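Next comes run_0.cif, with mmCIF, C-alpha atoms.
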```
data_work
#
loop_
_atom_site.label_atom_id
_atom_site.label_comp_id
_atom_site.auth_asym_id
_atom_site.auth_seq_id
_atom_site.Cartn_x
_atom_site.Cartn_y
_atom_site.Cartn_z
CA MET G 1 88.64 51.06 249.75
CA THR G 2 84.87 51.34 249.51
CA TRP G 3 84.82 54.06 252.17
CA LEU G 4 87.69 55.91 250.45
CA ARG G 5 86.00 55.73 247.06
CA ARG G 6 82.73 57.00 248.51
CA GLU G 7 84.49 59.88 250.24
CA LEU G 8 86.40 60.88 247.10
CA LEU G 9 83.25 60.78 244.97
CA SER G 10 81.45 62.98 247.47
CA ARG G 11 84.33 65.51 247.31
CA PRO G 12 85.36 65.65 243.63
CA TYR G 13 87.72 68.62 243.91
CA VAL G 14 89.66 66.87 246.68
CA ALA G 15 90.17 63.84 244.46
CA GLU G 16 91.21 66.01 241.49
CA THR G 17 93.63 67.98 243.67
CA ILE G 18 95.24 64.74 244.87
CA LEU G 19 95.58 63.52 241.28
CA ALA G 20 97.04 66.82 240.11
CA GLY G 21 99.49 66.79 243.03
CA CYS G 22 100.63 63.27 242.18
CA VAL G 23 101.20 64.16 238.50
CA TYR G 24 103.05 67.32 239.57
CA ALA G 25 105.28 65.41 241.95
CA ILE G 26 106.08 62.68 239.39
CA THR G 27 106.87 65.31 236.77
CA LEU G 28 109.26 67.27 238.97
CA LEU G 29 110.96 64.24 240.52
CA ALA G 30 111.53 62.56 237.16
CA ARG G 31 112.72 65.84 235.62
CA GLY G 32 115.11 66.69 238.45
CA ALA G 33 116.61 63.23 239.00
CA PRO G 34 120.30 62.92 238.04
CA PRO G 35 121.06 60.70 235.02
CA PRO G 36 122.22 57.14 235.76
CA PRO G 37 125.93 56.62 235.18
CA GLY G 38 126.93 55.43 231.75
CA VAL G 39 123.67 56.26 230.00
CA GLU G 40 124.01 59.05 227.42
CA TRP G 41 120.29 59.07 226.60
CA HIS G 42 119.42 60.46 230.02
CA ALA G 43 122.45 62.71 230.06
CA ARG G 44 120.68 65.14 227.77
CA ILE G 45 118.10 65.98 230.47
CA PRO G 46 118.92 69.46 231.75
CA PRO G 47 118.27 70.40 235.38
CA LEU G 48 115.00 71.98 236.54
CA THR G 49 114.47 75.66 235.93
CA ALA G 50 111.92 78.18 237.20
CA ASP G 51 110.15 78.02 233.82
CA ASP G 52 109.85 74.24 234.10
CA ILE G 53 108.30 74.48 237.56
CA ALA G 54 105.89 77.20 236.41
CA LEU G 55 104.77 75.24 233.33
CA ALA G 56 104.35 72.08 235.38
CA SER G 57 102.28 74.04 237.90
CA VAL G 58 99.99 75.37 235.16
CA VAL G 59 99.58 72.01 233.42
CA CYS G 60 98.99 70.01 236.61
CA GLY G 61 96.89 72.72 238.23
CA ALA G 62 94.52 72.69 235.27
CA LEU G 63 93.80 69.03 235.98
CA ILE G 64 91.86 70.06 239.09
CA PHE G 65 89.07 71.35 236.78
CA ARG G 66 89.20 68.50 234.24
CA ARG G 67 85.69 67.22 235.06
CA ARG G 68 84.05 70.63 234.89
CA TRP G 69 85.76 71.93 231.73
CA PRO G 70 87.34 68.87 230.06
CA ARG G 71 88.00 70.45 226.64
CA ALA G 72 89.45 73.64 228.10
CA VAL G 73 91.74 71.62 230.40
CA LEU G 74 92.88 69.54 227.42
CA ALA G 75 93.76 72.69 225.51
CA VAL G 76 95.69 74.12 228.49
CA THR G 77 97.66 70.92 229.13
CA VAL G 78 98.56 70.41 225.46
CA THR G 79 99.56 74.05 225.12
CA GLY G 80 101.64 73.86 228.29
CA PHE G 81 103.47 70.75 227.10
CA ALA G 82 104.11 72.35 223.69
CA ALA G 83 105.45 75.49 225.40
CA TYR G 84 107.78 73.38 227.53
CA ALA G 85 109.04 71.48 224.48
CA MET G 86 109.60 74.70 222.52
CA THR G 87 111.52 76.42 225.31
CA ASP G 88 113.46 73.54 226.81
CA GLY G 89 113.43 70.64 224.37
CA GLY G 90 114.35 68.05 226.97
CA ARG G 91 112.51 64.89 227.95
CA SER G 92 109.91 65.12 230.68
CA LEU G 93 106.94 63.28 232.15
CA LEU G 94 104.89 66.45 231.65
CA SER G 95 103.05 64.49 228.91
CA LEU G 96 101.09 62.84 231.73
CA GLY G 97 99.00 66.02 231.94
CA PRO G 98 97.71 65.86 228.33
CA ALA G 99 97.17 62.09 228.74
CA VAL G 100 94.95 62.58 231.79
CA ALA G 101 93.05 65.38 230.05
CA VAL G 102 92.53 63.27 226.91
CA TYR G 103 91.27 60.39 229.07
CA THR G 104 88.69 62.72 230.68
CA VAL G 105 87.48 64.04 227.31
CA ALA G 106 87.26 60.53 225.83
CA SER G 107 85.25 59.26 228.80
CA ARG G 108 82.65 62.03 228.36
CA CYS G 109 82.40 62.57 224.60
CA PRO G 110 81.12 60.39 221.77
CA ARG G 111 83.70 58.07 220.24
CA ARG G 112 84.15 60.13 217.09
CA HIS G 113 84.86 63.32 219.05
CA ALA G 114 87.09 61.49 221.54
CA TRP G 115 89.45 60.15 218.89
CA THR G 116 89.42 63.48 217.07
CA TYR G 117 90.57 65.30 220.21
CA GLY G 118 93.08 62.56 220.96
CA GLY G 119 94.52 62.71 217.44
CA LEU G 120 94.85 66.51 217.56
CA ALA G 121 96.53 66.36 220.97
CA ALA G 122 98.99 63.69 219.76
CA LEU G 123 99.74 65.72 216.61
CA VAL G 124 100.47 68.91 218.57
CA VAL G 125 102.66 67.08 221.10
CA THR G 126 104.57 65.30 218.34
CA MET G 127 105.16 68.43 216.27
CA ALA G 128 106.30 70.40 219.31
CA THR G 129 108.73 67.65 220.35
CA VAL G 130 110.21 67.10 216.88
CA VAL G 131 110.42 70.75 215.84
CA SER G 132 111.92 72.03 219.09
CA GLY G 133 114.59 69.36 219.51
CA GLU G 134 116.90 67.13 217.57
CA SER G 135 114.84 63.98 218.00
CA ALA G 136 113.85 61.75 215.11
CA TRP G 137 110.24 60.90 214.40
CA LEU G 138 110.58 57.47 216.03
CA ALA G 139 112.75 58.53 218.93
CA PRO G 140 111.57 57.38 222.40
CA GLU G 141 110.90 60.95 223.54
CA VAL G 142 108.52 61.35 220.56
CA VAL G 143 106.84 57.95 220.66
CA ALA G 144 106.25 57.94 224.45
CA PRO G 145 103.82 60.95 224.54
CA ILE G 146 101.96 59.63 221.50
CA ALA G 147 101.60 56.20 223.12
CA SER G 148 100.43 57.67 226.41
CA ILE G 149 97.82 59.87 224.69
CA GLY G 150 96.61 56.95 222.53
CA MET G 151 96.30 54.65 225.53
CA ALA G 152 94.49 57.33 227.51
CA THR G 153 92.04 57.87 224.64
CA ALA G 154 91.37 54.13 224.35
CA VAL G 155 90.83 53.72 228.10
CA GLY G 156 88.53 56.73 228.26
CA ASP G 157 86.51 55.52 225.29
CA ALA G 158 86.22 52.06 226.86
CA LEU G 159 85.02 53.59 230.12
CA ARG G 160 82.43 55.67 228.27
CA SER G 161 81.19 52.59 226.41
CA ARG G 162 80.93 50.65 229.67
CA ARG G 163 78.98 53.46 231.31
CA ALA G 164 76.62 53.62 228.34
CA TYR G 165 76.16 49.84 228.45
CA VAL G 166 75.46 49.85 232.20
CA ALA G 167 73.04 52.77 231.79
CA ALA G 168 71.23 50.92 228.97
CA VAL G 169 70.99 47.75 231.07
CA GLU G 170 69.64 49.72 234.03
CA GLU G 171 67.13 51.51 231.80
CA ARG G 172 65.94 48.20 230.35
CA ALA G 173 65.63 46.79 233.85
CA ARG G 174 63.66 49.85 234.98
CA ARG G 175 61.33 49.62 231.99
CA ALA G 176 60.91 45.89 232.52
CA GLU G 177 59.98 46.53 236.15
CA GLU G 178 57.48 49.20 235.10
CA THR G 179 56.07 46.83 232.49
CA ARG G 180 55.71 44.09 235.09
CA GLU G 181 53.93 46.46 237.44
CA GLU G 182 51.61 47.67 234.68
CA GLU G 183 50.91 44.08 233.65
CA ALA G 184 50.20 43.10 237.25
CA GLU G 185 47.86 46.09 237.64
CA ARG G 186 46.12 45.22 234.38
CA ARG G 187 45.62 41.63 235.50
CA VAL G 188 44.22 42.82 238.82
CA MET G 189 41.74 45.06 237.00
CA GLU G 190 40.74 42.21 234.69
CA GLU G 191 40.17 39.93 237.67
CA ARG G 192 38.10 42.58 239.42
CA LEU G 193 35.92 43.02 236.33
CA HIS G 194 35.63 39.26 235.96
CA ILE G 195 34.55 38.86 239.59
CA ALA G 196 32.13 41.79 239.33
CA ARG G 197 30.49 40.32 236.22
CA GLU G 198 30.16 36.87 237.78
CA LEU G 199 28.66 38.16 241.01
CA HIS G 200 26.28 40.45 239.15
CA ASP G 201 25.11 37.72 236.80
CA VAL G 202 24.74 35.16 239.60
CA LEU G 203 22.82 37.41 241.97
CA ALA G 204 20.85 39.74 239.70
CA HIS G 205 18.79 36.96 238.14
CA HIS G 206 17.72 35.38 241.41
CA ILE G 207 17.19 38.67 243.23
CA ALA G 208 14.96 39.90 240.40
CA LEU G 209 12.88 36.73 240.67
CA ILE G 210 12.71 37.08 244.44
CA ASN G 211 11.53 40.68 244.06
CA VAL G 212 8.80 39.78 241.58
CA GLN G 213 7.56 36.82 243.60
CA ALA G 214 7.62 38.83 246.82
CA GLN G 215 5.45 41.49 245.19
CA VAL G 216 3.04 38.80 244.00
CA ALA G 217 2.90 37.25 247.47
CA ALA G 218 2.24 40.62 249.12
CA TYR G 219 -0.55 41.35 246.63
CA MET G 220 -2.18 37.91 246.93
CA LEU G 221 -1.68 37.30 250.63
CA ALA G 222 -5.10 38.61 251.76
CA THR G 223 -7.27 37.48 248.84
CA GLU G 224 -5.60 34.32 247.49
CA PRO G 225 -3.40 32.78 250.17
CA GLU G 226 -2.68 29.65 248.10
CA GLN G 227 -1.12 31.68 245.27
CA ALA G 228 0.73 33.76 247.86
CA ARG G 229 2.09 30.56 249.39
CA THR G 230 3.18 29.38 245.96
CA ALA G 231 4.93 32.69 245.31
CA LEU G 232 6.72 32.44 248.64
CA GLY G 233 7.83 28.95 247.69
CA HIS G 234 9.36 30.38 244.51
CA VAL G 235 11.05 33.04 246.65
CA ARG G 236 12.52 30.34 248.86
CA GLU G 237 13.76 28.31 245.87
CA ALA G 238 15.27 31.37 244.19
CA GLY G 239 17.03 32.35 247.41
CA LYS G 240 18.37 28.82 247.82
CA GLU G 241 19.70 28.77 244.24
CA ALA G 242 21.26 32.22 244.70
CA LEU G 243 23.06 31.06 247.82
CA GLU G 244 24.28 27.90 246.09
CA GLU G 245 25.64 29.77 243.09
CA LEU G 246 27.19 32.41 245.31
CA ARG G 247 28.82 29.71 247.43
CA THR G 248 30.17 28.03 244.30
CA THR G 249 31.55 31.31 242.92
CA VAL G 250 33.23 32.25 246.21
CA GLY G 251 34.65 28.74 246.47
CA LEU G 252 36.23 29.06 243.03
CA LEU G 253 37.68 32.45 243.90
CA ARG G 254 39.18 31.14 247.15
CA SER G 255 40.64 28.01 245.58
CA PRO G 256 44.46 27.97 245.37
CA GLY G 257 44.50 26.92 241.71
CA SER G 258 45.29 29.16 238.76
CA ARG G 259 42.75 30.89 236.57
CA ASP G 260 43.09 28.10 234.02
CA ASP G 261 42.01 25.67 236.73
CA LEU G 262 39.00 27.86 237.50
CA LEU G 263 37.95 27.85 233.88
CA THR G 264 37.76 24.06 233.94
CA GLU G 265 35.00 24.16 236.56
CA PRO G 266 31.47 23.45 235.23
CA ALA G 267 29.90 26.62 233.85
CA PRO G 268 26.35 27.22 232.62
CA GLY G 269 25.73 27.21 228.89
CA LEU G 270 22.92 27.32 226.35
CA ASP G 271 21.97 23.75 227.26
CA ARG G 272 20.46 25.22 230.44
CA LEU G 273 18.10 27.55 228.55
CA PRO G 274 15.00 25.42 229.32
CA GLU G 275 15.78 25.58 233.03
CA LEU G 276 16.36 29.34 232.79
CA ALA G 277 13.10 29.85 230.88
CA ASP G 278 11.17 27.84 233.47
CA SER G 279 12.48 30.01 236.31
CA PHE G 280 11.28 33.19 234.61
CA THR G 281 7.98 31.63 233.59
CA ALA G 282 7.38 30.61 237.19
CA ALA G 283 7.93 34.23 238.17
CA GLY G 284 5.09 35.31 235.88
CA LEU G 285 7.06 36.45 232.83
CA ARG G 286 5.50 35.54 229.49
CA LEU G 287 8.36 34.03 227.57
CA GLY G 288 8.89 32.26 224.30
CA TRP G 289 12.11 31.01 222.79
CA LEU G 290 13.16 29.75 219.37
CA VAL G 291 16.26 27.97 218.16
CA HIS G 292 17.40 28.28 214.54
CA GLY G 293 20.00 26.01 213.03
CA ASP G 294 21.50 22.84 214.46
CA PRO G 295 22.49 23.15 218.14
CA ARG G 296 26.04 22.00 218.75
CA PRO G 297 28.63 22.21 221.52
CA LEU G 298 30.23 25.64 221.67
CA PRO G 299 33.58 26.75 223.08
CA ALA G 300 33.21 27.20 226.83
CA PRO G 301 33.78 31.01 226.86
CA VAL G 302 31.26 31.52 224.02
CA ASP G 303 28.70 29.20 225.61
CA LEU G 304 28.98 30.96 228.96
CA ALA G 305 28.79 34.44 227.36
CA ALA G 306 25.67 33.51 225.40
CA PHE G 307 23.94 32.09 228.49
CA ARG G 308 24.81 35.10 230.66
CA ILE G 309 23.59 37.54 227.99
CA VAL G 310 20.24 35.76 227.78
CA GLN G 311 20.01 35.58 231.57
CA GLU G 312 20.78 39.27 232.07
CA ALA G 313 18.48 40.36 229.25
CA LEU G 314 15.54 38.42 230.75
CA THR G 315 16.41 39.75 234.19
CA ASN G 316 16.16 43.30 232.84
CA VAL G 317 12.78 42.49 231.27
CA SER G 318 11.48 41.10 234.57
CA LYS G 319 12.68 44.19 236.44
CA HIS G 320 11.66 46.92 234.01
CA ALA G 321 8.72 45.38 232.13
CA PRO G 322 7.35 42.40 234.10
CA ARG G 323 4.04 42.48 232.15
CA ALA G 324 5.78 42.35 228.78
CA THR G 325 6.18 39.31 226.55
CA ALA G 326 9.80 38.38 225.87
CA THR G 327 11.12 36.30 223.00
CA VAL G 328 14.51 34.59 222.98
CA ARG G 329 16.03 33.57 219.64
CA ILE G 330 19.20 31.53 219.38
CA GLY G 331 20.70 31.08 215.92
CA TYR G 332 23.48 28.62 215.15
CA ALA G 333 25.53 29.53 212.07
CA ALA G 334 28.67 27.94 210.68
CA ASP G 335 31.12 30.12 212.57
CA LYS G 336 28.98 32.04 215.04
CA VAL G 337 26.02 31.95 217.36
CA ILE G 338 23.41 34.72 217.39
CA VAL G 339 21.61 35.71 220.59
CA ASP G 340 18.53 37.90 220.30
CA VAL G 341 16.24 38.83 223.21
CA ALA G 342 13.35 41.23 222.65
CA ASP G 343 10.22 42.28 224.52
CA ASP G 344 7.10 44.16 223.48
CA GLY G 345 7.54 46.84 226.15
CA ARG G 346 4.20 46.54 227.97
CA SER G 347 5.01 47.38 231.57
CA ASP G 348 3.26 48.76 234.62
CA ALA G 349 4.37 51.20 237.28
CA GLY G 350 5.53 48.44 239.52
CA GLY G 351 8.05 47.33 236.95
CA THR G 352 9.70 50.67 236.46
CA SER G 353 13.29 50.85 237.72
CA SER G 354 15.99 53.35 237.08
CA GLY G 355 18.76 50.75 237.22
CA THR G 356 22.50 51.36 237.20
CA GLY G 357 23.37 50.19 233.68
CA HIS G 358 25.79 47.53 234.97
CA GLY G 359 23.76 44.81 233.26
CA LEU G 360 24.21 46.31 229.80
CA ILE G 361 27.88 46.97 230.49
CA GLY G 362 28.38 43.39 231.62
CA MET G 363 26.64 41.98 228.53
CA ARG G 364 28.73 44.16 226.25
CA GLU G 365 31.95 43.10 228.02
CA ARG G 366 31.02 39.44 227.73
CA ALA G 367 30.40 39.80 224.00
CA LEU G 368 33.65 41.67 223.44
CA SER G 369 35.60 39.14 225.51
CA VAL G 370 34.95 36.53 222.80
CA ASP G 371 35.51 38.99 219.90
CA GLY G 372 31.78 39.39 219.36
CA THR G 373 29.48 42.35 218.73
CA PHE G 374 26.70 43.67 220.94
CA LEU G 375 23.76 45.99 220.34
CA ALA G 376 21.04 47.01 222.76
CA GLY G 377 18.32 49.63 222.67
CA PRO G 378 14.63 50.42 222.27
CA VAL G 379 12.76 49.30 219.19
CA ASP G 380 10.06 51.01 217.15
CA GLY G 381 6.58 50.46 218.52
CA GLY G 382 7.80 49.96 222.09
CA GLY G 383 9.98 47.41 223.75
CA PHE G 384 13.65 46.73 224.10
CA ARG G 385 16.02 44.47 222.18
CA VAL G 386 19.37 42.88 222.95
CA HIS G 387 21.31 41.45 220.01
CA ALA G 388 24.72 39.77 220.22
CA VAL G 389 26.77 37.94 217.60
CA LEU G 390 29.40 35.66 219.11
CA PRO G 391 31.96 34.01 216.80
CA THR G 392 32.76 30.42 217.62
CA THR G 393 36.27 30.76 216.16
CA ARG G 394 38.50 33.31 217.86
CA LYS G 395 40.31 35.81 215.60
CA ASN G 396 43.62 35.24 217.35
CA ALA G 397 43.33 31.46 217.28
#
```

Please express the file's structure as structure tokens.
Amino acid sequence: MTWLRRELLSRPYVAETILAGCVYAITLLARGAPPPPGVEWHARIPPLTADDIALASVVCGALIFRRRWPRAVLAVTVTGFAAYAMTDGGRSLLSLGPAVAVYTVASRCPRRHAWTYGGLAALVVTMATVVSGESAWLAPEVVAPIASIGMATAVGDALRSRRAYVAAVEERARRAEETREEEAERRVMEERLHIARELHDVLAHHIALINVQAQVAAYMLATEPEQARTALGHVREAGKEALEELRTTVGLLRSPGSRDDLLTEPAPGLDRLPELADSFTAAGLRLGWLVHGDPRPLPAPVDLAAFRIVQEALTNVSKHAPRATATVRIGYAADKVIVDVADDGRSDAGGTSSGTGHGLIGMRERALSVDGTFLAGPVDGGGFRVHAVLPTTRKNA
């Protein structure tokens, strides 16, 4: 049956020709059959004539094109049945033609149009049957065509509704699949940005310190070997810390847990500011830091964002203005924490670097990730300033 259905769907005119042939055969066989003995109701059926065969050929032949021109085929079949009733007046199964045509129209048109066409077809068939013969309004030969057309309209309308429902379900499924793919792609991009920020923040700080200390060691190696040795010791310590943090970050990324599990791992916060300041001071950066307000525990994302912003801002100072004096100010307010890092801009040629701008982008993204604000730029009189306001209560909480 599956093979037959597939073959018929691939050859629509073959299927329609078979259907039209079946309706034609049923019409002629029922019309030409002799009446059963003792039944007067069938006795009124006259024998087949050439006009009957011609009308049946026109009505059934039109059904071959019912899918291509459904309304035109409906008009032809209804007109053919009315012509038969007006000329002959006898009972016939020729009403199958209008019923099939009405079914096709109802399955392709909106419900309002389908029942309008069905009602008009039933009215024409009824008027032709009653006016041309001696039948009463409720006679079987009048009621039977009306019932067949009504049933055909209902079945066609039900089929159209089912097709619309299936199409809507498939469309929703397609959109849901597209939404899932877009959501998966968005999550991948978020994870890539998250990994890029973490790797940048972990490595940039230590590599900047290594670069500064290596320059100091190269400059002092011939004249002051003890200071050069000290600088190389700082290089070794910075490299060791960079490797440890990188190993920790890669370990978290390779762990089988979910992202929520990763967020529970220890993360640096503002409580590590003294340690961070000591590392930059050891590298030769003149640094001062002030805390306003009462320090308190912050939400983990806010605490991490504040620490990384300070770390990246000081890293930029050490790269671009190593001879400058930097000042870090941390302000604790009732519902926010304020991070402000500024330098006086005194730099030498060795501290000039074009940079890629990823540090500023990363700081801005970290501030926005906790619904904060971020500003960065040069200040009057020379220097550069980074200012971030991070709310401690999320807007969507």

Using the chain letters and numbers from the file, give me the residues hit by the PyMOL selection byres ((chain G and resi 153-156) around 7), as an MDAnalysis selection string.
chainID G and resid 102:104 106:107 114:115 118 149:152 157:160

Take the PyMOL selection byres ((chain G and resi 205-222) around 6), run it mentally on this structure, and tell me the resulting residues as a ChimeraX atom specification.
/G:203-204,223-225,228,231,235,238,242,315

Can you pull out every residue within 9 Å of Leu96 in chain G, counting only C-alpha atoms, but drop anything in the same chain fewer than 4 positions away, and send it as a PyMOL selection string?
chain G and resi 23+27+60+100-101+145+148-149

Grab the residues selected above and save them as a short mmCIF file (atom, residue, chain, number, x, y, z; two decimals), keeping the file's coordinate frame with C-alpha atoms.
```cif
data_model
loop_
_atom_site.label_atom_id
_atom_site.label_comp_id
_atom_site.auth_asym_id
_atom_site.auth_seq_id
_atom_site.Cartn_x
_atom_site.Cartn_y
_atom_site.Cartn_z
CA VAL G 23 101.20 64.16 238.50
CA THR G 27 106.87 65.31 236.77
CA CYS G 60 98.99 70.01 236.61
CA VAL G 100 94.95 62.58 231.79
CA ALA G 101 93.05 65.38 230.05
CA PRO G 145 103.82 60.95 224.54
CA SER G 148 100.43 57.67 226.41
CA ILE G 149 97.82 59.87 224.69
#
```

Which residue, G:Leu29, G:Ala333, G:Ile338, G:Ala388, has the smallest gap to Ala313 in chain G when you use only C-alpha atoms?
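Ranking G:Leu29, G:Ala333, G:Ile338, G:Ala388 by distance to Ala313 in chain G, first place goes to G:Ala388.
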
With all atoms listed in the file counted and 12 Å as the cut-off, give the residues of range 321-394 of chain G in contact with range 271-283 of chain G, each with its shortest interatomic distance in Å and the pair that gives it, as JSON lines.
```
{"residue": "G:Pro322", "atom": "CA", "partner": "G:Ala283", "partner_atom": "CA", "distance": 9.1}
{"residue": "G:Arg323", "atom": "CA", "partner": "G:Ala283", "partner_atom": "CA", "distance": 10.9}
{"residue": "G:Ala324", "atom": "CA", "partner": "G:Thr281", "partner_atom": "CA", "distance": 12.0}
{"residue": "G:Thr325", "atom": "CA", "partner": "G:Thr281", "partner_atom": "CA", "distance": 10.6}
{"residue": "G:Ala326", "atom": "CA", "partner": "G:Phe280", "partner_atom": "CA", "distance": 10.3}
{"residue": "G:Thr327", "atom": "CA", "partner": "G:Ala277", "partner_atom": "CA", "distance": 10.4}
{"residue": "G:Val328", "atom": "CA", "partner": "G:Ala277", "partner_atom": "CA", "distance": 9.3}
{"residue": "G:Arg329", "atom": "CA", "partner": "G:Leu273", "partner_atom": "CA", "distance": 11.0}
{"residue": "G:Ile330", "atom": "CA", "partner": "G:Leu273", "partner_atom": "CA", "distance": 10.1}
{"residue": "G:Val339", "atom": "CA", "partner": "G:Leu273", "partner_atom": "CA", "distance": 11.9}
```

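Across the structure, CA of Tyr117 in chain G and CA of Glu171 in chain G are spaced 29.6 Å apart.
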
Could you tell me which of G:Leu55, G:Leu314, G:Leu368, G:Ile309 comes closest to Gly288 in chain G if we count all atoms listed in the file?
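Of the candidates, the smallest distance to Gly288 in chain G is held by G:Leu314.
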
Correct to one decimal, the distance CA of Gly284 in chain G-CA of Phe307 in chain G is 20.5 Å

Just the residues within 7 Å of range 390-394 of chain G, please, counting all atoms listed in the file, with nothing from its chain fewer than 3 positions along; format it as a ChimeraX atom specification.
/G:298-299,302,335-338,367,370-373,397

For the atom pair CA of Leu74 in chain G and CA of Val166 in chain G, what is the interatomic distance in Å to one decimal place?
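Between these atoms lies a distance of 26.7 Å.
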
Between G:Ala184, G:Leu94, G:Ala164, G:Ile361, which is the closest to Ala144 in chain G once you count all atoms listed in the file?
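Residue with the minimum atom-to-atom distance to Ala144 in chain G: G:Leu94.
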
Between G:Glu177, G:Asp201, G:Glu226, G:Asp303, single out the one closest to Gly269 in chain G, counting all atoms listed in the file.
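Of G:Glu177, G:Asp201, G:Glu226, G:Asp303, the one nearest Gly269 in chain G is G:Asp303, counting all atoms listed in the file.
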
Could you spell out the hits of the PyMOL selection byres ((chain G and resi 56) around 12) on the shown file, as JSON, numbers by chain?
{"G": [20, 21, 22, 23, 24, 25, 26, 27, 28, 29, 31, 48, 49, 50, 51, 52, 53, 54, 55, 57, 58, 59, 60, 61, 62, 63, 76, 77, 78, 79, 80, 81, 82, 83, 84, 85, 92, 93, 94, 95, 96, 97, 98]}

Which is closer to Glu245 in chain G than all the others in G:Met189, G:Ala176, G:Leu199, G:Ala306, using all atoms listed in the file?
G:Leu199

I need the residue nearest Val131 in chain G from this list: G:Leu193, G:Leu19, G:Ala75, G:Met86. Use only C-alpha atoms for the distance.
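Residue with the minimum atom-to-atom distance to Val131 in chain G: G:Met86.
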
Return range 71-85 of chain G, completed with N, CA and C atoms, as a PDB file, in the coordinates of the input.
```pdb
ATOM      1  N   ARG G  71      87.354  70.005 227.867  1.00  0.00           N
ATOM      2  CA  ARG G  71      88.000  70.450 226.640  1.00  0.00           C
ATOM      3  C   ARG G  71      88.968  71.603 226.906  1.00  0.00           C
ATOM      4  N   ALA G  72      88.561  72.533 227.773  1.00  0.00           N
ATOM      5  CA  ALA G  72      89.450  73.640 228.100  1.00  0.00           C
ATOM      6  C   ALA G  72      90.714  73.139 228.805  1.00  0.00           C
ATOM      7  N   VAL G  73      90.571  72.182 229.700  1.00  0.00           N
ATOM      8  CA  VAL G  73      91.740  71.620 230.400  1.00  0.00           C
ATOM      9  C   VAL G  73      92.640  70.896 229.409  1.00  0.00           C
ATOM     10  N   LEU G  74      92.065  70.197 228.442  1.00  0.00           N
ATOM     11  CA  LEU G  74      92.880  69.540 227.420  1.00  0.00           C
ATOM     12  C   LEU G  74      93.682  70.568 226.624  1.00  0.00           C
ATOM     13  N   ALA G  75      93.052  71.652 226.244  1.00  0.00           N
ATOM     14  CA  ALA G  75      93.760  72.690 225.510  1.00  0.00           C
ATOM     15  C   ALA G  75      94.897  73.290 226.333  1.00  0.00           C
ATOM     16  N   VAL G  76      94.655  73.539 227.633  1.00  0.00           N
ATOM     17  CA  VAL G  76      95.690  74.120 228.490  1.00  0.00           C
ATOM     18  C   VAL G  76      96.868  73.161 228.654  1.00  0.00           C
ATOM     19  N   THR G  77      96.578  71.880 228.900  1.00  0.00           N
ATOM     20  CA  THR G  77      97.660  70.920 229.130  1.00  0.00           C
ATOM     21  C   THR G  77      98.486  70.704 227.856  1.00  0.00           C
ATOM     22  N   VAL G  78      97.820  70.597 226.714  1.00  0.00           N
ATOM     23  CA  VAL G  78      98.560  70.410 225.460  1.00  0.00           C
ATOM     24  C   VAL G  78      99.398  71.651 225.146  1.00  0.00           C
ATOM     25  N   THR G  79      98.808  72.812 225.353  1.00  0.00           N
ATOM     26  CA  THR G  79      99.560  74.050 225.120  1.00  0.00           C
ATOM     27  C   THR G  79     100.738  74.169 226.064  1.00  0.00           C
ATOM     28  N   GLY G  80     100.547  73.808 227.329  1.00  0.00           N
ATOM     29  CA  GLY G  80     101.640  73.860 228.290  1.00  0.00           C
ATOM     30  C   GLY G  80     102.769  72.911 227.930  1.00  0.00           C
ATOM     31  N   PHE G  81     102.419  71.683 227.503  1.00  0.00           N
ATOM     32  CA  PHE G  81     103.470  70.750 227.100  1.00  0.00           C
ATOM     33  C   PHE G  81     104.211  71.260 225.871  1.00  0.00           C
ATOM     34  N   ALA G  82     103.458  71.824 224.892  1.00  0.00           N
ATOM     35  CA  ALA G  82     104.110  72.350 223.690  1.00  0.00           C
ATOM     36  C   ALA G  82     105.028  73.514 224.046  1.00  0.00           C
ATOM     37  N   ALA G  83     104.597  74.376 224.977  1.00  0.00           N
ATOM     38  CA  ALA G  83     105.450  75.490 225.400  1.00  0.00           C
ATOM     39  C   ALA G  83     106.722  74.983 226.070  1.00  0.00           C
ATOM     40  N   TYR G  84     106.591  73.947 226.906  1.00  0.00           N
ATOM     41  CA  TYR G  84     107.780  73.380 227.530  1.00  0.00           C
ATOM     42  C   TYR G  84     108.747  72.834 226.488  1.00  0.00           C
ATOM     43  N   ALA G  85     108.173  72.067 225.492  1.00  0.00           N
ATOM     44  CA  ALA G  85     109.040  71.480 224.480  1.00  0.00           C
ATOM     45  C   ALA G  85     109.720  72.553 223.637  1.00  0.00           C
TER      46      ALA G  85
END
```
